[in-house]
Every structure is written in C-alpha cells, then in structure tokens.
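K.L.:
So here's model20.pdb (PDB, C-alpha atoms).
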```
ATOM      1  CA  TRP G   1      68.688 142.379  94.298  1.00  0.00           C
ATOM      2  CA  LEU G   2      71.514 141.932  96.760  1.00  0.00           C
ATOM      3  CA  CYS G   3      71.571 138.634  98.597  1.00  0.00           C
ATOM      4  CA  CYS G   4      73.403 138.150 101.881  1.00  0.00           C
ATOM      5  CA  LEU G   5      72.523 134.504 102.236  1.00  0.00           C
ATOM      6  CA  PRO G   6      75.468 132.130 102.412  1.00  0.00           C
ATOM      7  CA  TYR G   7      75.936 130.527  99.010  1.00  0.00           C
ATOM      8  CA  PHE G   8      77.445 127.467 100.670  1.00  0.00           C
ATOM      9  CA  TYR G   9      76.541 125.669 103.882  1.00  0.00           C
ATOM     10  CA  PRO G  10      78.828 122.809 104.941  1.00  0.00           C
ATOM     11  CA  PRO G  11      77.204 119.373 104.564  1.00  0.00           C
ATOM     12  CA  HIS G  12      78.560 118.189 107.922  1.00  0.00           C
ATOM     13  CA  LEU G  13      76.645 120.865 109.845  1.00  0.00           C
ATOM     14  CA  TYR G  14      72.961 120.814 110.833  1.00  0.00           C
ATOM     15  CA  LEU G  15      71.128 123.692 109.168  1.00  0.00           C
ATOM     16  CA  LEU G  16      68.888 125.211 111.850  1.00  0.00           C
ATOM     17  CA  PRO G  17      65.228 125.836 110.957  1.00  0.00           C
ATOM     18  CA  ASN G  18      64.412 129.005 109.044  1.00  0.00           C
ATOM     19  CA  ASN G  19      61.820 130.534 106.757  1.00  0.00           C
ATOM     20  CA  GLU G  20      62.866 131.365 103.190  1.00  0.00           C
ATOM     21  CA  ILE G  21      64.150 134.012 102.810  1.00  0.00           C
ATOM     22  CA  GLN G  22      64.956 134.835 106.395  1.00  0.00           C
ATOM     23  CA  TYR G  23      67.584 137.508 105.816  1.00  0.00           C
ATOM     24  CA  GLN G  24      65.177 139.743 103.890  1.00  0.00           C
ATOM     25  CA  ARG G  25      62.102 141.844 104.551  1.00  0.00           C
ATOM     26  CA  ASN G  26      60.225 140.416 101.546  1.00  0.00           C
ATOM     27  CA  PHE G  27      59.793 136.656 101.550  1.00  0.00           C
ATOM     28  CA  PRO G  28      57.671 134.043  99.721  1.00  0.00           C
ATOM     29  CA  SER G  29      54.522 132.505 101.184  1.00  0.00           C
ATOM     30  CA  ARG G  30      55.089 129.139  99.479  1.00  0.00           C
ATOM     31  CA  VAL G  31      58.259 127.065  99.090  1.00  0.00           C
ATOM     32  CA  LEU G  32      58.778 123.907  97.032  1.00  0.00           C
ATOM     33  CA  PHE G  33      61.709 121.485  97.316  1.00  0.00           C
ATOM     34  CA  PHE G  34      62.439 119.091  94.440  1.00  0.00           C
ATOM     35  CA  CYS G  35      64.906 116.266  95.080  1.00  0.00           C
ATOM     36  CA  GLU G  36      67.064 115.547  92.033  1.00  0.00           C
ATOM     37  CA  ASN G  37      69.611 113.408  93.853  1.00  0.00           C
ATOM     38  CA  PRO G  38      69.376 112.310  97.523  1.00  0.00           C
ATOM     39  CA  ALA G  39      72.446 112.179  99.742  1.00  0.00           C
ATOM     40  CA  ASP G  40      74.293 108.905 100.257  1.00  0.00           C
ATOM     41  CA  GLU G  41      73.560 109.183 103.962  1.00  0.00           C
ATOM     42  CA  GLY G  42      71.545 111.722 105.972  1.00  0.00           C
ATOM     43  CA  GLY G  43      70.300 114.962 104.470  1.00  0.00           C
ATOM     44  CA  ARG G  44      66.650 114.651 105.482  1.00  0.00           C
ATOM     45  CA  THR G  45      64.512 117.764 105.254  1.00  0.00           C
ATOM     46  CA  PHE G  46      62.658 118.670 108.458  1.00  0.00           C
ATOM     47  CA  LEU G  47      59.536 120.820 108.675  1.00  0.00           C
ATOM     48  CA  HIS G  48      58.809 122.704 111.910  1.00  0.00           C
ATOM     49  CA  SER G  49      55.393 123.971 112.974  1.00  0.00           C
ATOM     50  CA  ALA G  50      55.641 127.654 113.891  1.00  0.00           C
ATOM     51  CA  GLN G  51      52.570 127.405 116.130  1.00  0.00           C
ATOM     52  CA  GLN G  52      53.947 124.382 117.984  1.00  0.00           C
ATOM     53  CA  ALA G  53      57.321 126.086 118.459  1.00  0.00           C
ATOM     54  CA  LYS G  54      55.560 129.103 119.996  1.00  0.00           C
ATOM     55  CA  GLU G  55      53.674 126.853 122.414  1.00  0.00           C
ATOM     56  CA  ILE G  56      56.855 125.074 123.496  1.00  0.00           C
ATOM     57  CA  ILE G  57      58.702 128.359 124.084  1.00  0.00           C
ATOM     58  CA  CYS G  58      55.858 129.892 126.112  1.00  0.00           C
ATOM     59  CA  ALA G  59      55.545 126.706 128.193  1.00  0.00           C
ATOM     60  CA  GLN G  60      59.081 127.188 129.595  1.00  0.00           C
ATOM     61  CA  GLY G  61      57.981 129.148 132.658  1.00  0.00           C
ATOM     62  CA  GLU G  62      58.374 132.881 133.058  1.00  0.00           C
ATOM     63  CA  THR G  63      61.642 132.912 131.082  1.00  0.00           C
ATOM     64  CA  GLY G  64      59.966 131.363 128.042  1.00  0.00           C
ATOM     65  CA  LYS G  65      56.984 133.728 128.161  1.00  0.00           C
ATOM     66  CA  GLN G  66      59.232 136.778 128.495  1.00  0.00           C
ATOM     67  CA  LEU G  67      61.434 135.518 125.665  1.00  0.00           C
ATOM     68  CA  TYR G  68      58.475 135.271 123.285  1.00  0.00           C
ATOM     69  CA  GLU G  69      57.281 138.718 124.339  1.00  0.00           C
ATOM     70  CA  LYS G  70      60.738 140.170 123.618  1.00  0.00           C
ATOM     71  CA  LEU G  71      60.844 138.476 120.229  1.00  0.00           C
ATOM     72  CA  GLU G  72      57.429 139.897 119.385  1.00  0.00           C
ATOM     73  CA  GLU G  73      58.266 143.396 120.632  1.00  0.00           C
ATOM     74  CA  HIS G  74      61.824 143.850 119.361  1.00  0.00           C
ATOM     75  CA  GLY G  75      62.366 141.306 116.593  1.00  0.00           C
ATOM     76  CA  MET G  76      65.895 140.100 115.867  1.00  0.00           C
ATOM     77  CA  SER G  77      68.835 141.801 114.197  1.00  0.00           C
ATOM     78  CA  ILE G  78      71.150 140.019 111.780  1.00  0.00           C
ATOM     79  CA  GLU G  79      74.698 141.328 111.452  1.00  0.00           C
ATOM     80  CA  VAL G  80      76.883 139.863 108.691  1.00  0.00           C
ATOM     81  CA  GLY G  81      80.373 140.785 107.505  1.00  0.00           C
ATOM     82  CA  PHE G  82      81.662 140.366 103.943  1.00  0.00           C
ATOM     83  CA  LEU G  83      85.420 139.924 103.457  1.00  0.00           C
ATOM     84  CA  ASP G  84      87.591 141.370 100.717  1.00  0.00           C
ATOM     85  CA  GLN G  85      87.962 138.957  97.781  1.00  0.00           C
ATOM     86  CA  ASN G  86      91.752 139.132  98.167  1.00  0.00           C
ATOM     87  CA  ASP G  87      91.699 138.302 101.854  1.00  0.00           C
ATOM     88  CA  PRO G  88      93.621 134.997 102.224  1.00  0.00           C
ATOM     89  CA  ARG G  89      91.104 133.941 104.888  1.00  0.00           C
ATOM     90  CA  LYS G  90      88.270 134.134 102.363  1.00  0.00           C
ATOM     91  CA  LYS G  91      88.673 130.449 101.466  1.00  0.00           C
ATOM     92  CA  ASP G  92      87.449 129.492 104.948  1.00  0.00           C
ATOM     93  CA  ASN G  93      84.506 131.927 104.884  1.00  0.00           C
ATOM     94  CA  TYR G  94      81.037 130.837 103.722  1.00  0.00           C
ATOM     95  CA  PHE G  95      79.837 134.230 102.440  1.00  0.00           C
ATOM     96  CA  LYS G  96      80.396 136.202  99.258  1.00  0.00           C
ATOM     97  CA  SER G  97      83.123 138.819  99.198  1.00  0.00           C
ATOM     98  CA  TRP G  98      81.895 142.400  99.403  1.00  0.00           C
ATOM     99  CA  GLN G  99      82.999 142.845  95.777  1.00  0.00           C
ATOM    100  CA  GLU G 100      80.776 139.939  94.683  1.00  0.00           C
ATOM    101  CA  LEU G 101      77.903 141.131  96.822  1.00  0.00           C
ATOM    102  CA  CYS G 102      77.940 144.723  95.548  1.00  0.00           C
ATOM    103  CA  GLY G 103      79.247 144.199  92.019  1.00  0.00           C
ATOM    104  CA  THR G 104      82.116 146.678  92.391  1.00  0.00           C
ATOM    105  CA  ASP G 105      85.726 146.951  93.561  1.00  0.00           C
ATOM    106  CA  ASP G 106      85.217 150.514  94.825  1.00  0.00           C
ATOM    107  CA  LYS G 107      84.430 150.848  98.538  1.00  0.00           C
ATOM    108  CA  ASP G 108      82.355 154.007  98.118  1.00  0.00           C
ATOM    109  CA  GLU G 109      80.315 152.411  95.350  1.00  0.00           C
ATOM    110  CA  ALA G 110      79.822 149.335  97.531  1.00  0.00           C
ATOM    111  CA  VAL G 111      78.253 151.459 100.259  1.00  0.00           C
ATOM    112  CA  LYS G 112      75.974 153.086  97.671  1.00  0.00           C
ATOM    113  CA  ALA G 113      74.899 149.641  96.445  1.00  0.00           C
ATOM    114  CA  ILE G 114      73.969 148.651  99.995  1.00  0.00           C
ATOM    115  CA  ALA G 115      72.011 151.906 100.457  1.00  0.00           C
ATOM    116  CA  GLN G 116      70.035 151.290  97.271  1.00  0.00           C
ATOM    117  CA  ASP G 117      68.814 147.977  98.686  1.00  0.00           C
ATOM    118  CA  HIS G 118      67.933 149.511 102.043  1.00  0.00           C
ATOM    119  CA  SER G 119      64.271 148.564 101.962  1.00  0.00           C
ATOM    120  CA  ASN G 120      64.702 144.815 101.533  1.00  0.00           C
ATOM    121  CA  THR G 121      67.981 143.326 102.697  1.00  0.00           C
ATOM    122  CA  PHE G 122      69.905 145.876 104.775  1.00  0.00           C
ATOM    123  CA  ASP G 123      69.129 148.680 107.207  1.00  0.00           C
ATOM    124  CA  GLU G 124      72.704 149.929 107.501  1.00  0.00           C
ATOM    125  CA  CYS G 125      76.325 149.100 106.768  1.00  0.00           C
ATOM    126  CA  TRP G 126      79.794 150.109 107.993  1.00  0.00           C
ATOM    127  CA  TRP G 127      83.431 149.217 107.423  1.00  0.00           C
ATOM    128  CA  LYS G 128      85.252 147.126 110.014  1.00  0.00           C
ATOM    129  CA  GLU G 129      89.036 146.830 109.986  1.00  0.00           C
ATOM    130  CA  HIS G 130      90.222 143.383 111.052  1.00  0.00           C
ATOM    131  CA  GLU G 131      93.916 142.540 111.046  1.00  0.00           C
ATOM    132  CA  GLY G 132      94.624 145.104 108.346  1.00  0.00           C
ATOM    133  CA  ARG G 133      91.775 144.033 106.054  1.00  0.00           C
ATOM    134  CA  SER G 134      88.468 145.791 105.375  1.00  0.00           C
ATOM    135  CA  VAL G 135      85.257 143.924 106.129  1.00  0.00           C
ATOM    136  CA  LEU G 136      81.900 145.333 105.011  1.00  0.00           C
ATOM    137  CA  MET G 137      79.509 144.871 107.941  1.00  0.00           C
ATOM    138  CA  THR G 138      75.747 144.911 107.338  1.00  0.00           C
ATOM    139  CA  LYS G 139      72.697 144.825 109.570  1.00  0.00           C
ATOM    140  CA  ILE G 140      68.969 144.325 109.230  1.00  0.00           C
ATOM    141  CA  THR G 141      66.315 144.101 111.951  1.00  0.00           C
ATOM    142  CA  LEU G 142      63.314 141.899 111.205  1.00  0.00           C
ATOM    143  CA  PRO G 143      60.230 140.822 113.143  1.00  0.00           C
ATOM    144  CA  SER G 144      60.519 137.413 114.786  1.00  0.00           C
ATOM    145  CA  VAL G 145      56.747 137.004 114.798  1.00  0.00           C
ATOM    146  CA  TYR G 146      54.622 137.305 111.649  1.00  0.00           C
ATOM    147  CA  HIS G 147      50.978 138.363 111.926  1.00  0.00           C
ATOM    148  CA  ASP G 148      49.128 136.555 109.134  1.00  0.00           C
ATOM    149  CA  GLU G 149      46.140 138.484 107.788  1.00  0.00           C
ATOM    150  CA  ARG G 150      44.724 135.279 106.287  1.00  0.00           C
ATOM    151  CA  ASP G 151      43.671 133.851 109.648  1.00  0.00           C
ATOM    152  CA  GLY G 152      44.516 136.599 112.156  1.00  0.00           C
ATOM    153  CA  GLN G 153      47.075 134.348 113.877  1.00  0.00           C
ATOM    154  CA  SER G 154      50.683 135.088 114.813  1.00  0.00           C
ATOM    155  CA  TYR G 155      53.492 132.741 113.777  1.00  0.00           C
ATOM    156  CA  LEU G 156      57.091 132.461 114.926  1.00  0.00           C
ATOM    157  CA  ARG G 157      59.561 133.252 112.127  1.00  0.00           C
ATOM    158  CA  PHE G 158      62.248 130.955 113.565  1.00  0.00           C
ATOM    159  CA  PRO G 159      64.778 133.674 114.421  1.00  0.00           C
ATOM    160  CA  ARG G 160      68.372 132.721 113.774  1.00  0.00           C
ATOM    161  CA  ILE G 161      70.537 131.687 116.705  1.00  0.00           C
ATOM    162  CA  ALA G 162      74.287 131.322 116.540  1.00  0.00           C
ATOM    163  CA  MET G 163      75.909 127.930 117.059  1.00  0.00           C
ATOM    164  CA  ASN G 164      79.107 129.752 118.022  1.00  0.00           C
ATOM    165  CA  GLY G 165      80.425 133.277 118.516  1.00  0.00           C
ATOM    166  CA  PRO G 166      81.279 135.792 115.780  1.00  0.00           C
ATOM    167  CA  SER G 167      84.410 134.857 113.821  1.00  0.00           C
ATOM    168  CA  ILE G 168      86.172 135.455 110.524  1.00  0.00           C
ATOM    169  CA  GLU G 169      84.821 132.096 109.277  1.00  0.00           C
ATOM    170  CA  ASN G 170      81.155 132.911 109.830  1.00  0.00           C
ATOM    171  CA  GLY G 171      81.336 136.526 108.700  1.00  0.00           C
ATOM    172  CA  PHE G 172      81.291 137.917 112.242  1.00  0.00           C
ATOM    173  CA  ARG G 173      77.590 137.035 112.412  1.00  0.00           C
ATOM    174  CA  ARG G 174      75.593 138.199 115.416  1.00  0.00           C
ATOM    175  CA  PHE G 175      71.908 137.720 116.153  1.00  0.00           C
ATOM    176  CA  PRO G 176      70.958 140.160 118.954  1.00  0.00           C
ATOM    177  CA  LEU G 177      67.421 141.305 119.665  1.00  0.00           C
ATOM    178  CA  GLY G 178      66.288 144.345 117.727  1.00  0.00           C
ATOM    179  CA  ASN G 179      67.007 146.560 120.736  1.00  0.00           C
ATOM    180  CA  GLY G 180      70.645 145.402 120.757  1.00  0.00           C
ATOM    181  CA  GLU G 181      70.275 142.986 123.677  1.00  0.00           C
ATOM    182  CA  ASP G 182      72.000 139.623 123.336  1.00  0.00           C
ATOM    183  CA  LEU G 183      69.985 136.532 124.167  1.00  0.00           C
ATOM    184  CA  SER G 184      71.083 134.725 127.299  1.00  0.00           C
ATOM    185  CA  ALA G 185      72.418 131.171 127.189  1.00  0.00           C
ATOM    186  CA  GLU G 186      69.141 129.985 128.739  1.00  0.00           C
ATOM    187  CA  GLU G 187      67.053 131.788 126.095  1.00  0.00           C
ATOM    188  CA  ILE G 188      69.147 130.358 123.256  1.00  0.00           C
ATOM    189  CA  GLN G 189      68.707 126.869 124.721  1.00  0.00           C
ATOM    190  CA  ILE G 190      64.932 127.360 124.892  1.00  0.00           C
ATOM    191  CA  LEU G 191      64.864 128.260 121.204  1.00  0.00           C
ATOM    192  CA  ARG G 192      67.112 125.337 120.243  1.00  0.00           C
ATOM    193  CA  ASP G 193      64.953 122.901 122.224  1.00  0.00           C
ATOM    194  CA  ALA G 194      61.782 124.219 120.565  1.00  0.00           C
ATOM    195  CA  TYR G 195      63.358 123.861 117.142  1.00  0.00           C
ATOM    196  CA  ILE G 196      64.492 120.285 117.764  1.00  0.00           C
ATOM    197  CA  GLN G 197      61.206 119.192 119.372  1.00  0.00           C
ATOM    198  CA  THR G 198      59.186 120.333 116.340  1.00  0.00           C
ATOM    199  CA  GLN G 199      61.150 118.318 113.778  1.00  0.00           C
ATOM    200  CA  GLN G 200      59.081 116.372 111.261  1.00  0.00           C
ATOM    201  CA  GLY G 201      61.562 114.460 109.102  1.00  0.00           C
ATOM    202  CA  TYR G 202      61.139 113.693 105.393  1.00  0.00           C
ATOM    203  CA  GLU G 203      63.623 111.477 103.582  1.00  0.00           C
ATOM    204  CA  GLN G 204      63.335 112.412  99.917  1.00  0.00           C
ATOM    205  CA  SER G 205      64.045 110.058  97.038  1.00  0.00           C
ATOM    206  CA  ALA G 206      64.861 111.227  93.522  1.00  0.00           C
ATOM    207  CA  GLY G 207      61.806 112.982  92.065  1.00  0.00           C
ATOM    208  CA  ASP G 208      60.124 113.686  95.411  1.00  0.00           C
ATOM    209  CA  ILE G 209      58.556 117.082  96.055  1.00  0.00           C
ATOM    210  CA  ILE G 210      57.845 118.914  99.311  1.00  0.00           C
ATOM    211  CA  LEU G 211      55.496 121.919  99.117  1.00  0.00           C
ATOM    212  CA  MET G 212      55.256 123.967 102.303  1.00  0.00           C
ATOM    213  CA  ASP G 213      53.556 127.039 103.710  1.00  0.00           C
ATOM    214  CA  ASN G 214      56.511 129.317 104.425  1.00  0.00           C
ATOM    215  CA  ILE G 215      54.636 131.234 107.133  1.00  0.00           C
ATOM    216  CA  ARG G 216      53.195 128.383 109.161  1.00  0.00           C
ATOM    217  CA  PHE G 217      56.306 126.222 108.894  1.00  0.00           C
ATOM    218  CA  GLY G 218      60.063 126.573 109.014  1.00  0.00           C
ATOM    219  CA  HIS G 219      62.443 124.018 107.532  1.00  0.00           C
ATOM    220  CA  SER G 220      65.850 122.609 108.351  1.00  0.00           C
ATOM    221  CA  ARG G 221      68.294 120.028 107.027  1.00  0.00           C
ATOM    222  CA  GLU G 222      70.322 117.379 108.823  1.00  0.00           C
ATOM    223  CA  PRO G 223      74.030 116.752 108.034  1.00  0.00           C
ATOM    224  CA  PHE G 224      74.731 114.477 105.094  1.00  0.00           C
ATOM    225  CA  GLU G 225      77.418 112.596 103.210  1.00  0.00           C
ATOM    226  CA  GLY G 226      77.845 112.400  99.456  1.00  0.00           C
ATOM    227  CA  THR G 227      76.254 114.631  96.824  1.00  0.00           C
ATOM    228  CA  ARG G 228      72.806 116.030  97.600  1.00  0.00           C
ATOM    229  CA  GLU G 229      70.907 117.967  94.928  1.00  0.00           C
ATOM    230  CA  VAL G 230      67.674 119.580  96.086  1.00  0.00           C
ATOM    231  CA  TYR G 231      66.229 122.448  94.053  1.00  0.00           C
ATOM    232  CA  LEU G 232      64.185 125.253  95.525  1.00  0.00           C
ATOM    233  CA  SER G 233      61.259 127.150  94.019  1.00  0.00           C
ATOM    234  CA  MET G 234      59.463 130.035  95.751  1.00  0.00           C
ATOM    235  CA  ALA G 235      56.070 131.643  95.100  1.00  0.00           C
ATOM    236  CA  GLY G 236      53.915 134.352  96.604  1.00  0.00           C
ATOM    237  CA  HIS G 237      55.104 137.671  97.916  1.00  0.00           C
ATOM    238  CA  THR G 238      54.890 138.606 101.561  1.00  0.00           C
ATOM    239  CA  ILE G 239      56.136 141.888 102.971  1.00  0.00           C
ATOM    240  CA  THR G 240      57.251 142.041 106.578  1.00  0.00           C
ATOM    241  CA  PRO G 241      56.569 145.421 108.231  1.00  0.00           C
ATOM    242  CA  ASP G 242      59.371 147.326 109.915  1.00  0.00           C
ATOM    243  CA  VAL G 243      60.038 146.552 113.560  1.00  0.00           C
TER     244      VAL G 243
END
```
Let me see whether you can do it: turn the structure in this file into structure tokens.
P.N.:
Amino acid sequence: WLCCLPYFYPPHLYLLPNNEIQYQRNFPSRVLFFCENPADEGGRTFLHSAQQAKEIICAQGETGKQLYEKLEEHGMSIEVGFLDQNDPRKKDNYFKSWQELCGTDDKDEAVKAIAQDHSNTFDECWWKEHEGRSVLMTKITLPSVYHDERDGQSYLRFPRIAMNGPSIENGFRRFPLGNGEDLSAEEIQILRDAYIQTQQGYEQSAGDIILMDNIRFGHSREPFEGTREVYLSMAGHTITPDV
C-alpha cells in the first residue's frame, strides 16, 4: 500500500500525540513499542488518554464544546505534498518524493497509483507548481472521533495540528476541518493544551515493551539526543467509516 507518513521525524522536535496509523482510514487496534536502544538523553514515550483529552477540550467553555462538536461532525482533512526527487530542496523535506511514493517516474502513472489507493490513504490528488517544480498534492478526510463498538463509547483520535504554516520543508501540510474550515488560533491552543495535560511519560530501557490500546490512547515522543532505536509492531484491523 502507499504510505504518506514521514519516514523521518527530526529528533530535536516533539512528536505530537497521534494514533497509529493516523494518515489512513484503516488502522490497528493494538500497538507495541520495543526499545532496542534508548536515547542518550530524552526520548520518552508518552501515552495520552483519549477520554481525558475529550473532557479537557469540552471543559474549555463554549469554544471547547463547539470545537469538539465540529471535530465530531466534520472530522479533519490532511493535505500533504510530495516533491520531485530531483528537486534540490528535497534534502530539507521530511517526506518521500512522489516518485518513491508511487513507484514511477511518470506523472500520469503517479496519479493512477494514487487513485488505486483511494479507499485507504487518499481521497484525491492534484499537481501544484511551485517555483517551476511539480509537487504532487494529496488529501484525505478522516473522522476525529472514533465510535468504538466494543463499549459504545466515543474516543478522540488526536487530530493533527500544525506547529507552523505550510512550507516546502513540511510538504505544504495543512490540517483543516473536513468542511475546509481552518481551526482558529484559540482552537489549536485548546487542542495543544489537552494533548500536553494528558501526558503519561515512560522512560524505556533496552528490552522494555509498551503495549497500548490504539483507540483509547494516543502516543507521542519528546525530543532526544543520541541514537534511539524503538521498534513498532501493530495488530488488529480497524476500519474508520467515511466522514
């Protein structure tokens, strides 16, 4: 399958909480982390209660309640751009080239490859010209709230929020609501605060394992120094309905 996840995330940046795999409609219900080699400094794994995050968001007055209602009604869209492999700016970009992503050097074939994966990773794609170079833009809209049939409860899916605006470095990423509306600065701050307040930190040593429920919890990672080797295993198969 096609994967639009970044294959590299800079160690010096805090990785915001997410559910594996957040960029796709199908995602696992269980996630296991195995620590082969801990970082020299930092690099803790944090788990975040989805239920607690929901409560914190809804407790932020009328703005918080309306925000959660919008997330539940519209979901969130994820827009990502993939640069040409020959683009000199590719070295500063964290995503695959569109050639790597689609397995072809032909632009028409690349679009066909995206279309074939329509049901799982992408809803649509288009070409964007930026400073004389072609960028393959993609978009998928996913629910931000998951209704779990196991217990009849609803859980926040930790929708992505941007730390900065769209740029060549971050693949022109945007995270608007599913109806195209951008979150306000206040709404983004409410989400960030909820994410930070739900942190439960785990400092793994070599050989340690963390097994988590990927629906009831999100996970994040703090910045680190040195070499950090943590392997990921996923199990179960959960399908998110269309928004």
K.L.:
Determine the nearest neighbour of Asn19 (chain G) from the options G:Pro166, G:Gly43, G:Pro159, G:Gly180, counting all atoms listed in the file.
P.N.:
G:Pro159
K.L.:
I'd like the residues picked by the PyMOL selection byres ((chain G and resi 223-231) around 9) written out as a PDB file with C-alpha atoms, keeping the file's coordinate frame, using the chain letters and numbers from the file.
P.N.:
```pdb
ATOM      1  CA  PRO G  10      78.828 122.809 104.941  1.00  0.00           C
ATOM      2  CA  PRO G  11      77.204 119.373 104.564  1.00  0.00           C
ATOM      3  CA  HIS G  12      78.560 118.189 107.922  1.00  0.00           C
ATOM      4  CA  LEU G  13      76.645 120.865 109.845  1.00  0.00           C
ATOM      5  CA  TYR G  14      72.961 120.814 110.833  1.00  0.00           C
ATOM      6  CA  LEU G  15      71.128 123.692 109.168  1.00  0.00           C
ATOM      7  CA  LEU G  32      58.778 123.907  97.032  1.00  0.00           C
ATOM      8  CA  PHE G  33      61.709 121.485  97.316  1.00  0.00           C
ATOM      9  CA  PHE G  34      62.439 119.091  94.440  1.00  0.00           C
ATOM     10  CA  CYS G  35      64.906 116.266  95.080  1.00  0.00           C
ATOM     11  CA  GLU G  36      67.064 115.547  92.033  1.00  0.00           C
ATOM     12  CA  ASN G  37      69.611 113.408  93.853  1.00  0.00           C
ATOM     13  CA  PRO G  38      69.376 112.310  97.523  1.00  0.00           C
ATOM     14  CA  ALA G  39      72.446 112.179  99.742  1.00  0.00           C
ATOM     15  CA  ASP G  40      74.293 108.905 100.257  1.00  0.00           C
ATOM     16  CA  GLU G  41      73.560 109.183 103.962  1.00  0.00           C
ATOM     17  CA  GLY G  42      71.545 111.722 105.972  1.00  0.00           C
ATOM     18  CA  GLY G  43      70.300 114.962 104.470  1.00  0.00           C
ATOM     19  CA  ARG G  44      66.650 114.651 105.482  1.00  0.00           C
ATOM     20  CA  ARG G 221      68.294 120.028 107.027  1.00  0.00           C
ATOM     21  CA  GLU G 222      70.322 117.379 108.823  1.00  0.00           C
ATOM     22  CA  LEU G 232      64.185 125.253  95.525  1.00  0.00           C
ATOM     23  CA  SER G 233      61.259 127.150  94.019  1.00  0.00           C
TER      24      SER G 233
END
```
K.L.:
Mind pulling up the distance from CA of Ser134 (chain G) to CA of Leu16 (chain G)?
P.N.:
29.1 Å
K.L.:
Of the residues G:Gln60, G:Tyr202, G:Met137, G:Phe122, which is the one nearest to Gln189 (chain G), using only C-alpha atoms?
P.N.:
G:Gln60
K.L.:
Identify all residues satisfying the PyMOL selection byres ((chain G and resi 155) around 10) in the given file; provide them as a list in words.
P.N.:
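Residues picked by the PyMOL selection byres ((chain G and resi 155) around 10): Ser49, Ala50, Gln51, Gln52, Ala53, Lys54, Glu72, Ser144, Val145, Tyr146, His147, Asp148, Gly152, Gln153, Ser154, Leu156, Arg157, Phe158, Ile215, Arg216 and Phe217 of chain G.
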K.L.:
Would you compute an axis-aligned box for region 73-81 of chain G, covering every atom listed for it in the file with 3 Å of margin on each side, and report centre and edge lengths in Å to one decimal as JSON?
P.N.:
```
{"center_x": 69.3, "center_y": 141.9, "center_z": 114.1, "size_x": 28.1, "size_y": 10.0, "size_z": 19.1}
```
K.L.:
Given all atoms listed in the file as the basis, pick out the residue of G:Asp108, G:Glu169, G:Asp87, G:Glu20 nearest to Gly218 (chain G).
P.N.:
G:Glu20
K.L.:
Find the distance between CA of Leu83 (chain G) and CA of Ala162 (chain G) and write it in Å to one decimal.
P.N.:
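Going from CA of Leu83 (chain G) over to CA of Ala162 (chain G), I get 19.2 Å.
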K.L.:
Using only C-alpha atoms, which residue out of G:Glu100, G:Glu79, G:Glu203, G:Glu62 lies closest to Phe46 (chain G)?
P.N.:
G:Glu203
K.L.:
List, as a PyMOL selection string, every residue that the PyMOL selection byres ((chain G and resi 81) around 10) selects in the file provided.
P.N.:
chain G and resi 4+79-80+82-84+95-98+125-128+134-139+166-174
K.L.:
Taking 6 positions as the minimum chain separation for residues in the same chain, which residues sit within 8 Å of Gln99 (chain G) when counting only C-alpha atoms? Answer as a PyMOL selection string.
P.N.:
chain G and resi 84-85+105+110
K.L.:
Those same residues - C-alpha atoms - I'd like them written as a short mmCIF file (atom, residue, chain, number, x, y, z; two decimals), keeping the file's coordinate frame.
P.N.:
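Written output follows (out.cif):
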```
data_model
loop_
_atom_site.label_atom_id
_atom_site.label_comp_id
_atom_site.auth_asym_id
_atom_site.auth_seq_id
_atom_site.Cartn_x
_atom_site.Cartn_y
_atom_site.Cartn_z
CA ASP G 84 87.59 141.37 100.72
CA GLN G 85 87.96 138.96 97.78
CA ASP G 105 85.73 146.95 93.56
CA ALA G 110 79.82 149.34 97.53
#
```
K.L.:
Interatomic distance between CA of Arg25 (chain G) and CA of Asn120 (chain G)?
P.N.:
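A separation of 5.0 Å between them.
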K.L.:
Check the smallest atom-to-atom distance from each of G:Ala115, G:Ala185, G:Cys58, G:Cys102 to Lys70 (chain G) using only C-alpha atoms, then report the winner.
P.N.:
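Nearest candidate to Lys70 (chain G) out of G:Ala115, G:Ala185, G:Cys58, G:Cys102: G:Cys58.
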K.L.:
Within 8 Å of Met234 (chain G), counting all atoms listed in the file, which residues show up once you throw out same-chain ones fewer than 3 positions away? Write them as a PDB file with C-alpha atoms, in the coordinates of the input, please.
P.N.:
```pdb
ATOM      1  CA  PRO G  28      57.671 134.043  99.721  1.00  0.00           C
ATOM      2  CA  SER G  29      54.522 132.505 101.184  1.00  0.00           C
ATOM      3  CA  ARG G  30      55.089 129.139  99.479  1.00  0.00           C
ATOM      4  CA  VAL G  31      58.259 127.065  99.090  1.00  0.00           C
ATOM      5  CA  LEU G  32      58.778 123.907  97.032  1.00  0.00           C
TER       6      LEU G  32
END
```
K.L.:
Quick one: everything within 6 Å of His219 (chain G), counting only C-alpha atoms, minus sequence neighbours fewer than 2 positions away in the same chain. Send it as a list in words.
P.N.:
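Returned residues: Pro17, Asn18, Phe46, Leu47 and His48 of chain G.
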K.L.:
So, with all atoms listed in the file as the atoms that count, which of G:Thr63, G:Ser77, G:Gln116, G:Asn26 lies closest to Ser184 (chain G)?
P.N.:
G:Thr63
K.L.:
Could you pull region 113-134 of chain G out of the block above and save it with C-alpha atoms, as a CSV table (one decimal), in the first residue's frame?
P.N.:
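Just written: decode30.csv:
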```
chain,number,residue,atom,x,y,z
G,113,ALA,CA,-1.3,4.9,-8.4
G,114,ILE,CA,-2.9,7.4,-6.0
G,115,ALA,CA,-6.4,6.6,-7.4
G,116,GLN,CA,-5.9,2.9,-6.9
G,117,ASP,CA,-5.3,3.5,-3.2
G,118,HIS,CA,-8.3,5.8,-2.9
G,119,SER,CA,-10.1,3.8,-0.2
G,120,ASN,CA,-7.3,3.8,2.4
G,121,THR,CA,-4.8,6.6,2.2
G,122,PHE,CA,-6.1,9.3,-0.2
G,123,ASP,CA,-9.4,10.8,-1.3
G,124,GLU,CA,-7.9,13.0,-4.1
G,125,CYS,CA,-4.7,14.4,-5.5
G,126,TRP,CA,-3.6,17.2,-7.8
G,127,TRP,CA,-0.4,18.8,-9.2
G,128,LYS,CA,0.9,22.0,-7.7
G,129,GLU,CA,3.5,24.0,-9.5
G,130,HIS,CA,5.9,25.7,-7.0
G,131,GLU,CA,8.8,27.7,-8.3
G,132,GLY,CA,9.0,25.8,-11.5
G,133,ARG,CA,8.8,22.3,-9.9
G,134,SER,CA,5.9,19.9,-9.7
```
